[in-house]
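Take a look at the structure set out below.
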Amino acid sequence: IAALLVCCHHFRISLPVSWRDIAFENGWIGVQIFFMISGFIMVHTTMIIKDDFRMNSLKFMLKRIIRIVPLYYFVTFLYVADDIKNGNLVDQMPLLVKSLLFIPSFIAKGGPYYGMPLLEVGWTLNYEMIFYTLFAVSILWSTKRYWFVYAIFTILVVIIPTVYGFSVSNNYNVYRNYPFEYLNFLTN
C-alpha cells in the first residue's frame, strides 16, 4: 500500500487535472509508512538474536545489501544506459559513484533529498542504508542494542540541532545549514 501510494503520487501528473491532486497529492506519505514498517521489521527480525553478535550483525547487513543493491544497481544502470552507450556519462561519473555508494550528492540543499542520486527515487535508499548500518552496529551492543539506537536517535535529532542553536523539528523538509553538510542529512 505504501509503495502504491508513492507510485500514484509520482504518476499523478498523467491524470486529469481536475482530480489528480485531490486523489494522490499526499501519496508521498507512503515513504514515511515504508520507513516505519522497515523499522518495525528490523526490530522484530533481530529480537531473537541472543549470541554471536558480530556474526549476526554481518549477516543482518549482508541480507539488506543483497535485497537492495543488485536491483538498485541494475535499475540505475538501465536508467543511464543511453548515456553510457553514447559516452555522455563522463560528466555525471561523480554523481553515479555517489549514487552507487548511497552517498547524498548535496546538489540540492533541501531535505529530505539533499541532492538526488542519478536515479532520483534512490534518495530514500540513502536513508535506508544509513538506518541499516546503524542497526547493524546496534546489534554489536548485544542486549544493550536498543539503548544504542535510542542514544543515536537522541544525538542526531535532539542534541546536535540544539548544540548548533537549531530547534528540534519534526519537519522533514528542514535545512539547518550545518558546517558539515552530512549533518543535514543525518539529522533529518
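Chain identifiers are assigned as A, B, and so on, following the order in which chains appear in the C-alpha cells; residues are numbered from 1 within each chain, and ligands are numbered from 1 in order of appearance.
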For the contact check between segment 84-183 of chain A and segment 54-57 of chain A, emit one row per residue of segment 84-183 of chain A within 7 Å, containing the shortest atom pair and the distance in Å rounded to one decimal, counting only C-alpha atoms, chain then rising number order, as a Markdown table.
| residue | atom | partner | partner_atom | distance |
| --- | --- | --- | --- | --- |
| A:Ala136 | CA | A:Ser57 | CA | 4.9 |
| A:Val137 | CA | A:Ser57 | CA | 6.8 |
| A:Ile139 | CA | A:Ser57 | CA | 5.6 |
| A:Leu140 | CA | A:Arg54 | CA | 5.8 |
Could you save the residues just selected, with N, CA and C atoms, as a compact mmCIF listing (two decimals), in the first residue's frame?
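Ended up saving to result22.txt:
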# COMPACT_ATOMS: atom_id res chain seq x y z
N ALA A 136 22.85 -2.41 12.22
CA ALA A 136 23.85 -3.48 12.26
C ALA A 136 24.86 -3.21 13.38
N VAL A 137 25.26 -1.95 13.53
CA VAL A 137 26.17 -1.59 14.62
C VAL A 137 25.49 -1.81 15.97
N ILE A 139 23.46 -4.06 16.80
CA ILE A 139 23.48 -5.48 17.14
C ILE A 139 24.76 -5.83 17.89
N LEU A 140 25.85 -5.14 17.56
CA LEU A 140 27.12 -5.39 18.25
C LEU A 140 27.05 -5.03 19.74
Exercise. Grab the atom CA of Leu119 of chain A to atom CA of Tyr73 of chain A distance for me, in Å with one decimal place.
Key: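 Atom CA of Tyr73 of chain A lies at a distance of 9.6 Å from atom CA of Leu119 of chain A.
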Residues at most 8 Å from Val31 of chain A, counting only C-alpha atoms, excluding those fewer than 6 positions away in the same chain, as a PDB file with C-alpha atoms, in the first residue's frame?
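Saved file part08.pdb follows:
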ATOM      1  CA  ALA A   2       2.834   2.381   0.893  1.00  0.00           C
ATOM      2  CA  ALA A   3       4.611   1.681  -2.410  1.00  0.00           C
ATOM      3  CA  VAL A   6       4.182   6.690  -3.720  1.00  0.00           C
ATOM      4  CA  THR A 124      15.132   7.022   0.163  1.00  0.00           C
TER       5      THR A 124
END
Exercise. Would you mind telling me which residue in A:Ser99, A:Asn184, A:Ser142, A:Ile152 lies nearest to Trp123 of chain A when using only C-alpha atoms?
Key: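 Among A:Ser99, A:Asn184, A:Ser142, A:Ile152, it is A:Ser99 that comes nearest to Trp123 of chain A.
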Please identify all polymer residues within 9 Å of Phe135 of chain A, counting only C-alpha atoms, omitting same-chain residues fewer than 5 positions from it, and present them as a PDB file with all heavy atoms, in the first residue's frame.
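The new file around14.pdb reads:
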ATOM      1  N   MET A  42      12.871  -4.429  11.276  1.00  0.00           N
ATOM      2  CA  MET A  42      14.244  -4.574  11.756  1.00  0.00           C
ATOM      3  C   MET A  42      14.260  -4.979  13.228  1.00  0.00           C
ATOM      4  O   MET A  42      15.020  -5.871  13.628  1.00  0.00           O
ATOM      5  CB  MET A  42      15.038  -3.273  11.592  1.00  0.00           C
ATOM      6  CG  MET A  42      15.255  -2.838  10.163  1.00  0.00           C
ATOM      7  SD  MET A  42      15.992  -4.078   9.113  1.00  0.00           S
ATOM      8  CE  MET A  42      14.569  -4.665   8.215  1.00  0.00           C
ATOM      9  N   VAL A  43      13.433  -4.352  14.027  1.00  0.00           N
ATOM     10  CA  VAL A  43      13.361  -4.707  15.448  1.00  0.00           C
ATOM     11  C   VAL A  43      12.839  -6.132  15.601  1.00  0.00           C
ATOM     12  O   VAL A  43      13.416  -6.947  16.323  1.00  0.00           O
ATOM     13  CB  VAL A  43      12.487  -3.708  16.229  1.00  0.00           C
ATOM     14  CG1 VAL A  43      12.222  -4.196  17.643  1.00  0.00           C
ATOM     15  CG2 VAL A  43      13.144  -2.334  16.256  1.00  0.00           C
ATOM     16  N   SER A  57      25.422  -9.416  13.186  1.00  0.00           N
ATOM     17  CA  SER A  57      25.464  -8.063  12.638  1.00  0.00           C
ATOM     18  C   SER A  57      25.861  -8.110  11.167  1.00  0.00           C
ATOM     19  O   SER A  57      25.249  -7.450  10.317  1.00  0.00           O
ATOM     20  CB  SER A  57      26.448  -7.201  13.434  1.00  0.00           C
ATOM     21  OG  SER A  57      26.574  -5.931  12.850  1.00  0.00           O
ATOM     22  N   PHE A  60      23.024  -9.631   9.144  1.00  0.00           N
ATOM     23  CA  PHE A  60      21.957  -8.640   9.009  1.00  0.00           C
ATOM     24  C   PHE A  60      22.271  -7.684   7.853  1.00  0.00           C
ATOM     25  O   PHE A  60      21.437  -7.449   6.980  1.00  0.00           O
ATOM     26  CB  PHE A  60      21.801  -7.855  10.318  1.00  0.00           C
ATOM     27  CG  PHE A  60      20.880  -6.682  10.215  1.00  0.00           C
ATOM     28  CD1 PHE A  60      19.521  -6.840  10.378  1.00  0.00           C
ATOM     29  CD2 PHE A  60      21.372  -5.410   9.941  1.00  0.00           C
ATOM     30  CE1 PHE A  60      18.662  -5.752  10.278  1.00  0.00           C
ATOM     31  CE2 PHE A  60      20.523  -4.321   9.842  1.00  0.00           C
ATOM     32  CZ  PHE A  60      19.169  -4.496  10.012  1.00  0.00           C
ATOM     33  N   MET A  61      23.491  -7.136   7.848  1.00  0.00           N
ATOM     34  CA  MET A  61      23.859  -6.163   6.818  1.00  0.00           C
ATOM     35  C   MET A  61      23.922  -6.815   5.444  1.00  0.00           C
ATOM     36  O   MET A  61      23.452  -6.233   4.461  1.00  0.00           O
ATOM     37  CB  MET A  61      25.194  -5.514   7.194  1.00  0.00           C
ATOM     38  CG  MET A  61      25.460  -4.233   6.490  1.00  0.00           C
ATOM     39  SD  MET A  61      24.233  -2.990   6.946  1.00  0.00           S
ATOM     40  CE  MET A  61      24.471  -1.815   5.662  1.00  0.00           C
ATOM     41  N   ILE A 130      21.770   4.070   5.710  1.00  0.00           N
ATOM     42  CA  ILE A 130      22.269   4.614   6.979  1.00  0.00           C
ATOM     43  C   ILE A 130      21.563   3.909   8.135  1.00  0.00           C
ATOM     44  O   ILE A 130      22.196   3.507   9.111  1.00  0.00           O
ATOM     45  CB  ILE A 130      22.050   6.145   7.053  1.00  0.00           C
ATOM     46  CG1 ILE A 130      23.031   6.862   6.144  1.00  0.00           C
ATOM     47  CG2 ILE A 130      22.165   6.660   8.474  1.00  0.00           C
ATOM     48  CD1 ILE A 130      24.470   6.798   6.594  1.00  0.00           C
ATOM     49  N   ARG A 145      21.452  -3.159  22.686  1.00  0.00           N
ATOM     50  CA  ARG A 145      21.337  -2.566  21.343  1.00  0.00           C
ATOM     51  C   ARG A 145      20.271  -1.486  21.236  1.00  0.00           C
ATOM     52  O   ARG A 145      20.443  -0.519  20.521  1.00  0.00           O
ATOM     53  CB  ARG A 145      21.145  -3.638  20.286  1.00  0.00           C
ATOM     54  CG  ARG A 145      19.869  -4.421  20.339  1.00  0.00           C
ATOM     55  CD  ARG A 145      19.821  -5.430  19.182  1.00  0.00           C
ATOM     56  NE  ARG A 145      18.923  -6.502  19.469  1.00  0.00           N
ATOM     57  CZ  ARG A 145      19.301  -7.720  19.814  1.00  0.00           C
ATOM     58  NH1 ARG A 145      20.567  -8.003  19.928  1.00  0.00           N
ATOM     59  NH2 ARG A 145      18.416  -8.653  20.053  1.00  0.00           N
ATOM     60  N   PHE A 148      21.578   1.724  22.410  1.00  0.00           N
ATOM     61  CA  PHE A 148      22.409   2.339  21.373  1.00  0.00           C
ATOM     62  C   PHE A 148      21.537   3.097  20.374  1.00  0.00           C
ATOM     63  O   PHE A 148      21.833   4.231  20.023  1.00  0.00           O
ATOM     64  CB  PHE A 148      23.243   1.265  20.656  1.00  0.00           C
ATOM     65  CG  PHE A 148      24.006   1.789  19.474  1.00  0.00           C
ATOM     66  CD1 PHE A 148      25.213   2.432  19.647  1.00  0.00           C
ATOM     67  CD2 PHE A 148      23.502   1.640  18.191  1.00  0.00           C
ATOM     68  CE1 PHE A 148      25.915   2.933  18.550  1.00  0.00           C
ATOM     69  CE2 PHE A 148      24.189   2.131  17.097  1.00  0.00           C
ATOM     70  CZ  PHE A 148      25.404   2.779  17.277  1.00  0.00           C
ATOM     71  N   VAL A 149      20.455   2.452  19.924  1.00  0.00           N
ATOM     72  CA  VAL A 149      19.549   3.090  18.960  1.00  0.00           C
ATOM     73  C   VAL A 149      18.943   4.358  19.558  1.00  0.00           C
ATOM     74  O   VAL A 149      18.898   5.404  18.906  1.00  0.00           O
ATOM     75  CB  VAL A 149      18.443   2.106  18.505  1.00  0.00           C
ATOM     76  CG1 VAL A 149      17.386   2.812  17.674  1.00  0.00           C
ATOM     77  CG2 VAL A 149      19.053   0.951  17.730  1.00  0.00           C
TER      78      VAL A 149
END
Exercise. Using only C-alpha atoms, pick whichever of A:Tyr127, A:Lys50, A:Leu100, A:Cys8 has the shortest atom-to-atom distance to Pro70 of chain A.
Key: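 For Pro70 of chain A, the nearest of the given residues is A:Leu100.
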Quiz item: Which polymer residues have any atom within 12 Å of an atom of Ile155 of chain A, counting only C-alpha atoms, with same-chain residues fewer than 5 positions away left out, as an MDAnalysis selection string?
Solution: chainID A and resid 148:150 160:163 168 183 186:188
Quiz item: What is the atom CA of Lys63 of chain A to atom CA of Leu95 of chain A distance in Å?
Solution: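 Value for the atom CA of Lys63 of chain A-atom CA of Leu95 of chain A distance: 25.7 Å.
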Write out as a tab-separated table (two decimals) with N, CA and C atoms, in the first residue's frame the set of residues from segment 85-147 of chain A that DSSP, computed on the backbone, places in alpha helix (DSSP H).
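See result-v7.tsv below for the written result:
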chain	number	residue	atom	x	y	z
A	85	LYS	N	25.99	4.31	-23.37
A	85	LYS	CA	26.14	3.92	-24.78
A	85	LYS	C	26.70	5.08	-25.61
A	93	MET	N	29.87	11.05	-13.87
A	93	MET	CA	30.54	9.95	-13.17
A	93	MET	C	30.61	10.16	-11.66
A	94	PRO	N	30.98	11.37	-11.15
A	94	PRO	CA	30.99	11.54	-9.69
A	94	PRO	C	29.61	11.31	-9.07
A	95	LEU	N	28.55	11.75	-9.74
A	95	LEU	CA	27.20	11.53	-9.23
A	95	LEU	C	26.83	10.05	-9.30
A	96	LEU	N	27.26	9.36	-10.34
A	96	LEU	CA	26.98	7.92	-10.44
A	96	LEU	C	27.68	7.17	-9.29
A	97	VAL	N	28.92	7.50	-9.03
A	97	VAL	CA	29.65	6.83	-7.95
A	97	VAL	C	28.96	7.08	-6.61
A	98	LYS	N	28.59	8.32	-6.35
A	98	LYS	CA	27.87	8.63	-5.11
A	98	LYS	C	26.54	7.88	-5.05
A	99	SER	N	25.86	7.82	-6.17
A	99	SER	CA	24.59	7.10	-6.22
A	99	SER	C	24.77	5.64	-5.86
A	100	LEU	N	25.80	5.01	-6.41
A	100	LEU	CA	26.03	3.59	-6.18
A	100	LEU	C	26.51	3.30	-4.76
A	123	TRP	N	16.88	8.39	-3.40
A	123	TRP	CA	17.18	9.20	-2.20
A	123	TRP	C	16.71	8.48	-0.94
A	124	THR	N	15.62	7.73	-1.02
A	124	THR	CA	15.13	7.02	0.16
A	124	THR	C	16.09	5.91	0.57
A	125	LEU	N	16.78	5.33	-0.40
A	125	LEU	CA	17.73	4.27	-0.09
A	125	LEU	C	18.95	4.82	0.65
A	126	ASN	N	19.28	6.08	0.42
A	126	ASN	CA	20.37	6.69	1.20
A	126	ASN	C	20.04	6.62	2.68
A	127	TYR	N	18.80	6.94	3.02
A	127	TYR	CA	18.37	6.88	4.42
A	127	TYR	C	18.29	5.43	4.91
A	128	GLU	N	17.77	4.54	4.06
A	128	GLU	CA	17.66	3.14	4.47
A	128	GLU	C	19.03	2.54	4.75
A	129	MET	N	20.00	2.84	3.92
A	129	MET	CA	21.34	2.27	4.12
A	129	MET	C	21.98	2.82	5.40
A	130	ILE	N	21.77	4.07	5.71
A	130	ILE	CA	22.27	4.61	6.98
A	130	ILE	C	21.56	3.91	8.14
A	131	PHE	N	20.26	3.76	8.02
A	131	PHE	CA	19.48	3.08	9.06
A	131	PHE	C	19.98	1.65	9.25
A	132	TYR	N	20.17	0.92	8.14
A	132	TYR	CA	20.64	-0.46	8.23
A	132	TYR	C	22.03	-0.52	8.87
A	133	THR	N	22.89	0.40	8.50
A	133	THR	CA	24.24	0.42	9.07
A	133	THR	C	24.19	0.67	10.57
A	134	LEU	N	23.41	1.66	10.98
A	134	LEU	CA	23.29	1.94	12.42
A	134	LEU	C	22.66	0.76	13.16
A	135	PHE	N	21.70	0.12	12.53
A	135	PHE	CA	21.06	-1.02	13.17
A	135	PHE	C	22.03	-2.20	13.26
A	136	ALA	N	22.85	-2.41	12.22
A	136	ALA	CA	23.85	-3.48	12.26
A	136	ALA	C	24.86	-3.21	13.38
A	137	VAL	N	25.26	-1.95	13.53
A	137	VAL	CA	26.17	-1.59	14.62
A	137	VAL	C	25.49	-1.81	15.97
A	138	SER	N	24.20	-1.51	16.04
A	138	SER	CA	23.49	-1.68	17.31
A	138	SER	C	23.48	-3.14	17.75
A	139	ILE	N	23.46	-4.06	16.80
A	139	ILE	CA	23.48	-5.48	17.14
A	139	ILE	C	24.76	-5.83	17.89
A	145	ARG	N	21.45	-3.16	22.69
A	145	ARG	CA	21.34	-2.57	21.34
A	145	ARG	C	20.27	-1.49	21.24
A	146	TYR	N	19.17	-1.63	21.95
A	146	TYR	CA	18.12	-0.61	21.85
A	146	TYR	C	18.55	0.67	22.55
A	147	TRP	N	19.39	0.55	23.56
A	147	TRP	CA	19.95	1.75	24.20
A	147	TRP	C	20.84	2.49	23.21
Exercise. Using atom CA of Asp82 of chain A and atom CA of Pro117 of chain A as the two end points, give the distance in Å to one decimal.
Key: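 Separation between atom CA of Asp82 of chain A and atom CA of Pro117 of chain A: 16.8 Å.
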